[in-house]
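Listing of structure-v1.cif, mmCIF, C-alpha atoms
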```cif
data_work
#
loop_
_atom_site.label_atom_id
_atom_site.label_comp_id
_atom_site.auth_asym_id
_atom_site.auth_seq_id
_atom_site.Cartn_x
_atom_site.Cartn_y
_atom_site.Cartn_z
CA MET A 1 127.02 128.12 135.44
CA LYS A 2 128.29 131.68 135.84
CA LYS A 3 126.52 132.71 132.62
CA ALA A 4 123.25 131.13 133.78
CA THR A 5 123.50 132.87 137.20
CA THR A 6 123.99 136.22 135.48
CA ILE A 7 120.90 135.62 133.33
CA ILE A 8 118.77 134.71 136.36
CA HIS A 9 120.03 137.72 138.30
CA SER A 10 119.27 140.06 135.40
CA THR A 11 115.81 138.51 135.02
CA TYR A 12 115.08 139.05 138.71
CA LYS A 13 115.98 142.74 138.49
CA PHE A 14 113.81 143.04 135.38
CA ILE A 15 110.77 141.65 137.25
CA ILE A 16 111.29 144.08 140.11
CA GLN A 17 111.52 147.06 137.76
CA HIS A 18 108.64 146.02 135.46
CA SER A 19 105.44 144.53 136.77
CA SER A 20 104.17 143.47 133.37
CA PHE A 21 104.14 139.67 133.34
CA LYS A 22 103.75 139.58 129.57
CA ILE A 23 106.93 141.56 129.03
CA TYR A 24 108.74 139.39 131.55
CA MET A 25 107.75 136.15 129.75
CA SER A 26 108.82 137.55 126.40
CA PHE A 27 112.18 138.47 127.89
CA ILE A 28 112.67 134.97 129.33
CA ILE A 29 111.82 133.29 126.02
CA LEU A 30 114.25 135.50 124.12
CA MET A 31 117.02 134.82 126.62
CA LEU A 32 116.48 131.06 126.49
CA LEU A 33 116.50 131.09 122.71
CA SER A 34 119.71 133.07 122.78
CA VAL A 35 121.38 130.65 125.19
CA ASN A 36 120.21 127.58 123.25
CA GLY A 37 121.25 129.10 119.97
CA SER A 38 124.75 129.85 121.18
CA ALA A 39 125.04 126.39 122.71
CA GLN A 40 124.24 124.78 119.36
CA SER A 41 126.10 127.11 117.06
CA THR A 42 129.70 125.97 117.44
CA MET A 43 131.18 123.61 114.89
CA GLU A 44 132.44 121.26 117.62
CA ASN A 45 128.92 120.85 119.01
CA VAL A 46 127.53 120.18 115.55
CA LEU A 47 130.10 117.45 114.89
CA THR A 48 129.53 115.92 118.33
CA GLU A 49 125.78 115.73 117.71
CA ILE A 50 126.20 114.24 114.24
CA LYS A 51 128.68 111.66 115.50
CA LYS A 52 126.06 110.60 118.03
CA ASN A 53 122.95 110.74 115.83
CA ASN A 54 124.06 109.94 112.27
CA LYS A 55 122.17 106.90 110.98
CA SER A 56 125.02 105.66 108.79
CA ILE A 57 127.47 105.74 111.70
CA ILE A 58 124.98 103.91 113.93
CA ALA A 59 124.30 101.31 111.20
CA SER A 60 128.01 100.87 110.49
CA THR A 61 128.74 100.38 114.19
CA GLN A 62 126.08 97.68 114.42
CA TYR A 63 127.31 96.01 111.22
CA TRP A 64 130.88 95.70 112.45
CA GLU A 65 129.71 94.43 115.84
CA ALA A 66 127.88 91.68 113.96
CA GLU A 67 130.99 90.99 111.86
CA LYS A 68 133.12 90.64 114.99
CA LEU A 69 130.75 87.91 116.18
CA ASN A 70 130.94 86.30 112.75
CA TYR A 71 134.75 86.23 112.95
CA LYS A 72 134.49 84.34 116.26
CA THR A 73 132.21 81.73 114.67
CA GLY A 74 133.64 78.39 113.51
CA LEU A 75 136.69 78.41 115.77
CA THR A 76 135.65 75.28 117.65
CA PRO A 77 135.75 71.63 116.45
CA ALA A 78 132.92 70.31 114.28
CA ASN A 79 129.89 68.72 115.96
CA PRO A 80 130.32 65.09 117.09
CA THR A 81 128.47 62.38 115.15
CA VAL A 82 126.43 59.61 116.77
CA GLU A 83 125.53 56.46 114.80
CA TYR A 84 123.29 53.52 115.74
CA ASP A 85 122.66 50.44 113.58
CA TYR A 86 120.32 47.52 114.30
CA LEU A 87 120.69 44.81 111.64
CA TYR A 88 118.29 41.85 111.34
CA GLY A 89 120.02 38.57 110.46
CA SER A 90 118.82 36.17 107.78
CA PRO A 91 117.97 33.32 107.99
CA VAL A 92 116.18 33.52 111.34
CA ASN A 93 118.86 31.74 113.30
CA ALA A 94 121.60 34.01 111.95
CA GLY A 95 121.04 36.45 114.83
CA ASN A 96 120.75 40.26 114.92
CA GLN A 97 123.58 42.70 115.11
CA THR A 98 123.74 46.03 116.99
CA GLU A 99 126.29 48.76 116.42
CA PHE A 100 126.70 52.12 118.16
CA SER A 101 129.41 54.72 117.76
CA ILE A 102 130.11 58.35 118.74
CA ASN A 103 132.92 60.15 116.97
CA GLN A 104 134.56 63.56 117.09
CA GLN A 105 136.72 64.96 114.32
CA PHE A 106 139.48 67.51 115.03
CA ASP A 107 141.56 69.68 112.77
CA PHE A 108 145.28 69.49 113.30
CA PRO A 109 145.84 71.13 116.75
CA THR A 110 147.75 74.15 115.41
CA ALA A 111 144.75 75.11 113.21
CA TYR A 112 142.68 76.27 116.22
CA PHE A 113 145.47 78.54 117.42
CA LYS A 114 145.90 79.98 113.90
CA LYS A 115 142.16 80.51 113.42
CA ASN A 116 141.91 82.40 116.71
CA GLN A 117 144.78 84.65 115.66
CA LEU A 118 143.01 85.32 112.35
CA ALA A 119 139.73 86.18 114.10
CA ASN A 120 141.50 88.66 116.41
CA GLU A 121 143.14 90.43 113.46
CA GLN A 122 139.82 90.60 111.58
CA SER A 123 138.15 92.12 114.63
CA ALA A 124 140.90 94.75 114.86
CA ARG A 125 140.34 95.66 111.21
CA ALA A 126 136.66 96.34 111.88
CA GLN A 127 137.50 99.36 114.06
CA PHE A 128 139.61 100.94 111.31
CA GLN A 129 136.82 100.56 108.78
CA LEU A 130 134.31 102.05 111.23
CA THR A 131 136.66 104.99 111.90
CA ALA A 132 137.07 105.60 108.15
CA THR A 133 133.29 105.72 107.68
CA GLN A 134 132.91 108.07 110.63
CA GLN A 135 135.62 110.40 109.33
CA ASP A 136 134.00 110.61 105.87
CA ILE A 137 130.66 111.62 107.40
CA LEU A 138 132.16 114.09 109.87
CA LEU A 139 134.26 115.71 107.13
CA GLU A 140 131.10 116.12 105.07
CA ALA A 141 129.43 117.78 108.06
CA LYS A 142 132.44 120.00 108.73
CA ASN A 143 132.54 121.10 105.10
CA ALA A 144 128.83 121.96 105.30
CA CYS A 145 129.54 124.08 108.40
CA ILE A 146 132.41 125.87 106.66
CA GLN A 147 130.21 126.60 103.67
CA LEU A 148 127.50 127.86 106.02
CA VAL A 149 129.95 130.30 107.62
CA TYR A 150 130.82 131.51 104.13
CA HIS A 151 127.18 131.98 103.09
CA ASN A 152 126.28 133.59 106.43
CA LYS A 153 129.09 136.11 105.91
CA MET A 154 127.90 136.62 102.35
CA GLN A 155 124.38 137.29 103.61
CA ILE A 156 125.64 139.99 105.96
CA GLN A 157 127.52 141.73 103.14
CA LEU A 158 124.61 141.35 100.71
CA SER A 159 122.22 142.78 103.31
CA LYS A 160 124.49 145.81 103.70
CA GLN A 161 124.67 146.17 99.93
CA LYS A 162 120.89 145.88 99.66
CA LYS A 163 120.29 148.46 102.38
CA ASN A 164 122.75 150.85 100.75
CA THR A 165 121.16 150.43 97.33
CA GLU A 166 117.65 150.88 98.74
CA LYS A 167 118.82 154.19 100.22
CA ILE A 168 120.23 155.25 96.83
CA VAL A 169 116.95 154.35 95.10
CA ALA A 170 115.02 156.39 97.68
CA ASP A 171 117.40 159.36 97.27
CA PHE A 172 117.14 159.26 93.46
CA ASN A 173 113.35 159.12 93.67
CA LYS A 174 113.34 162.20 95.91
CA ARG A 175 115.65 164.03 93.47
CA LEU A 176 113.37 163.04 90.61
CA GLU A 177 110.36 164.44 92.45
CA THR A 178 112.15 167.74 93.13
CA GLY A 179 113.47 167.99 89.57
CA ASP A 180 117.15 167.47 90.55
CA GLY A 181 117.41 163.90 89.24
CA ASN A 182 116.62 161.91 86.14
CA ILE A 183 114.75 158.72 85.42
CA LEU A 184 117.86 157.00 84.00
CA ASP A 185 119.61 157.17 87.37
CA VAL A 186 116.50 155.82 89.08
CA ASN A 187 116.28 152.93 86.62
CA LYS A 188 119.98 152.06 87.04
CA ALA A 189 119.55 151.98 90.81
CA LYS A 190 116.40 149.85 90.58
CA LEU A 191 118.12 147.34 88.27
CA GLN A 192 121.03 147.18 90.70
CA LEU A 193 118.63 146.55 93.59
CA LEU A 194 116.90 143.82 91.57
CA GLU A 195 120.20 141.99 91.06
CA ILE A 196 121.08 142.33 94.74
CA ASN A 197 117.68 140.95 95.80
CA LYS A 198 118.25 137.99 93.49
CA ALA A 199 121.68 137.38 95.05
CA VAL A 200 120.19 137.60 98.56
CA GLN A 201 117.51 135.04 97.71
CA ASN A 202 119.95 132.64 96.04
CA ASN A 203 122.34 132.90 98.98
CA GLN A 204 119.52 132.31 101.46
CA SER A 205 118.51 129.24 99.45
CA GLU A 206 122.06 127.90 99.78
CA ILE A 207 121.92 128.50 103.54
CA ASN A 208 118.62 126.62 103.79
CA GLN A 209 119.95 123.67 101.80
CA LEU A 210 123.11 123.44 103.89
CA ASN A 211 121.08 123.54 107.11
CA GLN A 212 118.90 120.75 105.73
CA LYS A 213 122.05 118.79 104.96
CA LEU A 214 123.16 119.13 108.57
CA ILE A 215 119.74 117.95 109.77
CA GLU A 216 120.02 114.95 107.43
CA LEU A 217 123.50 114.11 108.73
CA ASN A 218 122.19 114.54 112.28
CA GLY A 219 119.73 111.70 111.78
CA GLY A 220 116.78 114.03 111.07
CA ASN A 221 117.20 115.89 114.37
CA ALA A 222 117.04 119.68 114.23
CA ILE A 223 120.35 121.46 114.61
CA ILE A 224 121.22 125.16 114.67
CA PHE A 225 124.33 126.62 113.06
CA THR A 226 124.53 130.36 112.46
CA ASP A 227 128.23 131.09 112.91
CA THR A 228 129.90 133.79 110.84
CA VAL A 229 133.40 133.11 112.19
CA TYR A 230 135.59 130.13 111.33
CA ASN A 231 137.25 128.09 114.05
CA GLU A 232 140.73 129.07 115.13
CA LEU A 233 143.32 127.19 113.13
CA PRO A 234 146.07 125.03 114.59
CA LEU A 235 149.62 125.83 113.64
CA ILE A 236 150.08 123.99 110.35
CA PRO A 237 153.41 122.09 110.49
CA PRO A 238 155.76 121.60 107.51
CA PHE A 239 154.55 119.13 104.89
CA GLU A 240 156.84 116.29 105.96
CA GLN A 241 155.58 116.45 109.55
CA LEU A 242 151.93 116.75 108.56
CA GLU A 243 152.20 113.89 106.07
CA SER A 244 153.85 111.70 108.70
CA ASP A 245 151.13 112.51 111.27
CA TYR A 246 148.40 111.87 108.72
CA GLU A 247 149.80 108.52 107.58
CA SER A 248 150.40 107.28 111.11
CA ASN A 249 146.74 107.96 111.99
CA ASP A 250 145.00 107.30 108.68
CA PRO A 251 142.39 104.53 109.19
CA LEU A 252 142.45 103.63 105.48
CA ARG A 253 146.16 102.88 105.66
CA LYS A 254 145.74 101.05 108.97
CA ASN A 255 142.93 99.02 107.40
CA LEU A 256 145.15 98.03 104.44
CA GLU A 257 148.01 97.18 106.80
CA GLN A 258 145.58 95.02 108.74
CA GLU A 259 144.40 93.40 105.50
CA LYS A 260 148.01 92.42 104.82
CA ILE A 261 148.34 90.88 108.28
CA ILE A 262 145.02 89.06 107.80
CA ALA A 263 146.22 87.69 104.46
CA GLU A 264 149.35 86.36 106.18
CA LYS A 265 147.21 84.71 108.88
CA LYS A 266 144.98 83.15 106.23
CA VAL A 267 148.03 81.55 104.66
CA SER A 268 148.95 80.06 108.06
CA VAL A 269 145.40 78.82 108.61
CA SER A 270 145.21 77.23 105.15
CA LYS A 271 148.51 75.44 105.77
CA SER A 272 147.23 74.11 109.10
CA LEU A 273 143.97 72.96 107.51
CA SER A 274 145.98 71.09 104.88
CA LEU A 275 147.44 68.86 107.58
CA PRO A 276 145.72 65.54 108.47
CA LYS A 277 142.50 65.68 110.50
CA ILE A 278 142.17 63.41 113.50
CA GLU A 279 139.05 61.47 114.49
CA LEU A 280 138.47 59.98 117.94
CA GLY A 281 135.45 58.14 119.30
CA TYR A 282 133.78 55.18 120.98
CA HIS A 283 132.51 52.12 119.11
CA TYR A 284 130.19 49.34 120.36
CA GLN A 285 129.12 46.19 118.53
CA GLY A 286 126.74 43.46 119.78
CA PHE A 287 126.20 40.14 117.98
CA LYS A 288 124.57 36.90 119.24
CA GLY A 289 124.96 37.87 122.86
CA GLN A 290 128.57 38.89 122.38
CA ASN A 291 129.59 42.50 122.93
CA TYR A 292 132.55 44.30 121.45
CA LYS A 293 133.48 47.85 122.45
CA GLY A 294 136.49 50.09 122.30
CA ILE A 295 138.11 53.25 121.01
CA HIS A 296 137.65 54.48 117.46
CA THR A 297 140.52 56.42 115.86
CA GLY A 298 141.04 57.77 112.37
CA ILE A 299 143.13 60.15 110.38
CA SER A 300 142.40 61.87 107.08
CA ILE A 301 144.81 61.73 104.19
CA PRO A 302 145.23 65.27 102.76
CA LEU A 303 145.21 64.53 99.06
CA TRP A 304 142.55 66.56 97.19
CA GLU A 305 140.26 68.56 99.49
CA ASN A 306 142.47 71.65 99.94
CA LYS A 307 144.36 71.51 96.67
CA ASN A 308 145.56 75.01 95.60
CA THR A 309 144.17 76.61 98.78
CA VAL A 310 147.59 77.65 100.05
CA LYS A 311 148.53 78.99 96.61
CA GLN A 312 145.35 81.04 96.50
CA LYS A 313 145.98 82.52 99.95
CA ASN A 314 149.55 83.35 98.97
CA ALA A 315 148.19 85.22 95.96
CA GLU A 316 145.82 87.15 98.24
CA GLN A 317 148.74 88.04 100.51
CA LEU A 318 150.71 89.37 97.54
CA PHE A 319 147.70 91.44 96.42
CA ALA A 320 147.24 92.91 99.92
CA GLY A 321 150.88 94.00 99.99
CA LEU A 322 150.67 95.62 96.54
CA GLU A 323 147.42 97.39 97.42
CA LEU A 324 149.04 98.86 100.54
CA GLU A 325 152.00 100.12 98.52
CA ALA A 326 149.67 101.69 95.93
CA HIS A 327 147.69 103.46 98.67
CA ILE A 328 150.84 104.82 100.35
CA ASN A 329 152.10 106.21 97.04
CA GLU A 330 148.73 107.65 95.98
CA HIS A 331 147.96 109.11 99.40
CA TYR A 332 151.35 110.81 99.66
CA TYR A 333 150.78 112.79 96.47
CA HIS A 334 147.15 113.44 97.39
CA ILE A 335 148.21 115.07 100.66
CA LYS A 336 151.03 116.91 98.86
CA HIS A 337 148.51 118.33 96.38
CA ILE A 338 146.22 119.52 99.19
CA TYR A 339 149.14 121.00 101.11
CA GLU A 340 150.32 122.98 98.09
CA LYS A 341 146.78 124.22 97.59
CA TYR A 342 146.72 125.31 101.24
CA ALA A 343 150.06 127.16 100.89
CA ASN A 344 148.83 128.99 97.78
CA LEU A 345 145.52 129.96 99.38
CA LYS A 346 147.34 131.20 102.47
CA ILE A 347 149.28 133.71 100.35
CA ILE A 348 146.16 134.82 98.46
CA LEU A 349 144.18 135.21 101.68
CA SER A 350 146.95 137.22 103.32
CA ASP A 351 147.00 139.61 100.35
CA TYR A 352 143.23 140.06 100.49
CA GLN A 353 143.30 140.69 104.24
CA THR A 354 146.04 143.32 103.86
CA VAL A 355 143.97 145.21 101.30
CA PHE A 356 140.56 144.99 102.97
CA THR A 357 141.80 146.01 106.43
CA THR A 358 142.73 149.45 105.03
CA LEU A 359 140.16 149.78 102.25
CA ASN A 360 137.00 151.83 102.71
CA SER A 361 135.82 152.09 99.11
CA ALA A 362 132.08 151.78 99.80
CA ALA A 363 132.01 154.82 102.11
CA LEU A 364 134.18 156.87 99.75
CA LEU A 365 132.04 155.99 96.73
CA ASN A 366 128.83 156.88 98.57
CA LYS A 367 130.31 160.25 99.51
CA ALA A 368 131.52 160.92 95.94
CA LEU A 369 128.09 160.04 94.53
CA ALA A 370 126.32 162.32 97.02
CA LEU A 371 128.64 165.21 96.09
CA GLY A 372 128.15 164.57 92.40
CA GLU A 373 131.82 163.84 91.80
CA ILE A 374 131.01 160.62 89.91
CA THR A 375 128.08 159.52 87.77
CA THR A 376 125.61 156.83 88.74
CA LEU A 377 127.10 154.49 86.16
CA GLN A 378 130.60 155.08 87.53
CA TYR A 379 129.34 154.53 91.06
CA PHE A 380 127.74 151.15 90.30
CA LEU A 381 130.72 150.01 88.23
CA GLU A 382 133.11 150.85 91.08
CA ILE A 383 130.90 149.49 93.87
CA ASN A 384 130.35 146.25 91.96
CA TYR A 385 134.09 145.94 91.40
CA TYR A 386 134.68 146.41 95.13
CA ASN A 387 131.94 143.96 96.13
CA GLN A 388 133.11 141.32 93.64
CA ALA A 389 136.63 141.59 95.05
CA TYR A 390 135.23 141.18 98.57
CA TYR A 391 133.18 138.13 97.53
CA ASN A 392 136.29 136.64 95.90
CA TYR A 393 138.03 137.18 99.23
CA LEU A 394 135.24 135.31 101.05
CA GLU A 395 135.43 132.53 98.46
CA SER A 396 139.20 132.19 98.95
CA GLU A 397 138.71 132.16 102.71
CA LYS A 398 136.15 129.37 102.41
CA GLU A 399 138.43 127.30 100.16
CA TYR A 400 141.28 127.88 102.60
CA PHE A 401 139.33 126.41 105.52
CA LEU A 402 137.93 123.55 103.42
CA THR A 403 141.47 122.63 102.43
CA ILE A 404 142.67 122.63 106.03
CA ALA A 405 139.67 120.51 107.02
CA GLU A 406 140.82 117.92 104.46
CA LEU A 407 144.38 118.03 105.79
CA TYR A 408 143.13 117.36 109.31
CA LYS A 409 140.51 114.77 108.39
CA TYR A 410 142.49 112.11 110.28
CA GLN A 411 141.72 113.91 113.57
CA LEU A 412 137.92 113.69 113.19
#
```

Here is a file; write its structure as structure tokens.
Amino acid sequence: MKKATTIIHSTYKFIIQHSSFKIYMSFIILMLLSVNGSAQSTMENVLTEIKKNNKSIIASTQYWEAEKLNYKTGLTPANPTVEYDYLYGSPVNAGNQTEFSINQQFDFPTAYFKKNQLANEQSARAQFQLTATQQDILLEAKNACIQLVYHNKMQIQLSKQKKNTEKIVADFNKRLETGDGNILDVNKAKLQLLEINKAVQNNQSEINQLNQKLIELNGGNAIIFTDTVYNELPLIPPFEQLESDYESNDPLRKNLEQEKIIAEKKVSVSKSLSLPKIELGYHYQGFKGQNYKGIHTGISIPLWENKNTVKQKNAEQLFAGLELEAHINEHYYHIKHIYEKYANLKIILSDYQTVFTTLNSAALLNKALALGEITTLQYFLEINYYNQAYYNYLESEKEYFLTIAELYKYQL
């Protein structure tokens, strides 16, 4: 609100000082674009938009809502059956017979309690699977943002390099015209400029593709991301603490833990369904003016219908437990690998930052070339060596932030 008030106040003063309406409108448009651009350009805003608009997240949410309803289906007794028979007697004086019955079959009472427990556990699992899908998509978006920061920083450096080389080409051309230069120096500079222009175009193409990727992840809605600064990093804890935090919040592990619980509940349900079923109802019979009516009862004998069902569910329970153990073991070493990569990149990045905060090679080389202290070939060899080192620094910085994004995936 304070920022908006300042903009309005500045605009008002501008109108007073300049009567040109055209200039005023141009100023307003530029200010609005600037405000909108800054509002869209933070990584947090990008991830918030994608979380809201991503088609896969929306579809996954709807799918698991449907599955939750499916889990709640079939928890009630089967439909009652109604039967009516009218039997003609033979010979004629044998009389006709009428029968009517309505029956309801029930599973053993504990089965309904067990099935409800199973449905609740299955519904809980759905949220973990939805969270895992969401985290995969948001990590993909975050990685695209990190790569965009890298390429945006590259574009700034390449633009400086291009501008510097264009100046050198112009200077060499002037020297050639005055007789102080030679065509070989001009050609070297032009070839260098050609390579830089190629790098600028390739880098811009990468920027365009990454922006298109963000639009795709944002459900086709336009999104702006032009940052050249990475987000501030949290304090990375020791590996043991980070691994513990990750595992306690990892939806994949929670999903497998829930699968194990579900397998246990399925064993209980199958045992309950193996118990006798009960049938209750009403039966009426009419014959030669005589009526008979009363209660119908029945019980099933559990001999063949559910044979091996409990064994099969026990096997599923064993599999779920083994799969959880395999994930815990695999995930531990996966996180350990990423953490070691992070620690190594941190050292490399610190070394680069120490060097580049005190290095001013480009300015020194330009001065040496202007004074004739080095040849054109020496200049381009040295400047390329410096630039390549700087681009390696940017690459290490990008990998550093991508690695940390993977370590903190569980927070997305």

(Q) Which residues, named as in the file, does the PyMOL selection byres ((chain A and resi 148) around 12) pick out? Answer as a ChimeraX atom specification. (A) /A:41-43,141-147,149-155,203-214,224-230,394-395,398,401-402

Every residue with an atom at most 9 Å from (138.6, 116.7, 110.3) (file coordinates; only C-alpha atoms) is what I'm after, so could you write them as an mmCIF file with C-alpha atoms, in the frame of the given file?
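Dumped to result_8.cif:
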```
data_model
loop_
_atom_site.group_PDB
_atom_site.id
_atom_site.type_symbol
_atom_site.label_atom_id
_atom_site.label_comp_id
_atom_site.auth_asym_id
_atom_site.auth_seq_id
_atom_site.Cartn_x
_atom_site.Cartn_y
_atom_site.Cartn_z
ATOM 1 C CA GLN A 135 135.620 110.400 109.330
ATOM 2 C CA ASP A 136 134.000 110.610 105.870
ATOM 3 C CA LEU A 138 132.160 114.090 109.870
ATOM 4 C CA LEU A 139 134.260 115.710 107.130
ATOM 5 C CA LYS A 142 132.440 120.000 108.730
ATOM 6 C CA ILE A 404 142.670 122.630 106.030
ATOM 7 C CA ALA A 405 139.670 120.510 107.020
ATOM 8 C CA GLU A 406 140.820 117.920 104.460
ATOM 9 C CA LEU A 407 144.380 118.030 105.790
ATOM 10 C CA TYR A 408 143.130 117.360 109.310
ATOM 11 C CA LYS A 409 140.510 114.770 108.390
ATOM 12 C CA TYR A 410 142.490 112.110 110.280
ATOM 13 C CA GLN A 411 141.720 113.910 113.570
ATOM 14 C CA LEU A 412 137.920 113.690 113.190
#
```

Q.
If we count only C-alpha atoms and set the cut-off at 8 Å, which residues sit around segment 159-162 of chain A, ignoring sequence neighbours fewer than 3 positions away in its own chain? Please answer as a list in words.
A. Gln155, Ile156, Thr165, Glu166, Leu193, Ile196, Asn197 and Val200 of chain A

Please, could you write that set of residues out with C-alpha atoms as an mmCIF file, in the frame of the given file?
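Here's the written file result-v2.cif:
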```cif
data_model
loop_
_atom_site.group_PDB
_atom_site.id
_atom_site.type_symbol
_atom_site.label_atom_id
_atom_site.label_comp_id
_atom_site.auth_asym_id
_atom_site.auth_seq_id
_atom_site.Cartn_x
_atom_site.Cartn_y
_atom_site.Cartn_z
ATOM 1 C CA GLN A 155 124.380 137.290 103.610
ATOM 2 C CA ILE A 156 125.640 139.990 105.960
ATOM 3 C CA THR A 165 121.160 150.430 97.330
ATOM 4 C CA GLU A 166 117.650 150.880 98.740
ATOM 5 C CA LEU A 193 118.630 146.550 93.590
ATOM 6 C CA ILE A 196 121.080 142.330 94.740
ATOM 7 C CA ASN A 197 117.680 140.950 95.800
ATOM 8 C CA VAL A 200 120.190 137.600 98.560
#
```

**Q.** Picked residues, the PyMOL selection byres ((chain A and resi 48-56) around 8), as a list of chain:residue names
**A.**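 Output of the PyMOL selection byres ((chain A and resi 48-56) around 8): A:Glu44, A:Asn45, A:Val46, A:Leu47, A:Ile57, A:Ile58, A:Ala59, A:Ser60, A:Gln134, A:Leu138, A:Ala141, A:Leu217, A:Asn218, A:Gly219, A:Asn221.
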
Q | Pairwise distance for atom CA of Trp64 of chain A and atom CA of Gln129 of chain A, rounded to one decimal in Å | A | 8.5 Å

Q) the PyMOL selection byres ((chain A and resi 392) around 12) on the file shown: which residues, as a list in words? A)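 Written out, the selection comes to Tyr150, Met154, Leu345, Ile348, Leu349, Asp351, Tyr352, Gln353, Phe356, Asn384, Tyr385, Tyr386, Asn387, Gln388, Ala389, Tyr390, Tyr391, Tyr393, Leu394, Glu395, Ser396, Glu397, Lys398 and Glu399 of chain A.
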
Q: Quick one: residues within 10 Å of (119.2, 36.5, 123.1) (file frame), counting only C-alpha atoms, please, as number ranges by chain.
A: A: 95-96, 287-290

Q) segment 77-90 of chain A: which residues within 8 Å, counting only C-alpha atoms, same-chain residues fewer than 2 positions away excluded, as a ChimeraX atom specification? A) /A:74-75,92-107

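Atom to atom, atom CA of Val186 of chain A and atom CA of Asp171 of chain A stand 9.0 Å apart.
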
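For Tyr379 of chain A, the non-local neighbours within 8 Å, defined as residues at least 5 positions apart in the same chain or in other chains and counting all atoms listed in the file, are Leu365, Asn366, Leu369 and Ile374 of chain A.
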
Q) Neighbours of Lys271 of chain A within 7 Å (only C-alpha atoms; same-chain residues fewer than 4 positions away dropped), as number ranges by chain? A) A: 267, 275, 310

Q: Find, counting all atoms listed in the file, the residue in A:Ser274, A:Gln117, A:Ser244, A:Thr375 that gets nearest to Ile301 of chain A.
A: A:Ser274

Q. Which of these residues is nearest to Phe239 of chain A, using only C-alpha atoms: A:Thr73, A:His337, A:Thr403, A:Lys115?
A.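 Nearest candidate to Phe239 of chain A out of A:Thr73, A:His337, A:Thr403, A:Lys115: A:His337.
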
Q.
Residues near Gly321 of chain A, anyone? I mean within 9 Å using only C-alpha atoms, not counting same-chain ones fewer than 4 positions away, as an MDAnalysis selection string.
A. chainID A and resid 256:257 259:260 316:317 325:326

Q. What is the distance between atom CA of Tyr400 of chain A and atom CA of Asn344 of chain A, in Å to one decimal?
A.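 If I compute the distance from atom CA of Tyr400 of chain A to atom CA of Asn344 of chain A, I get 9.0 Å.
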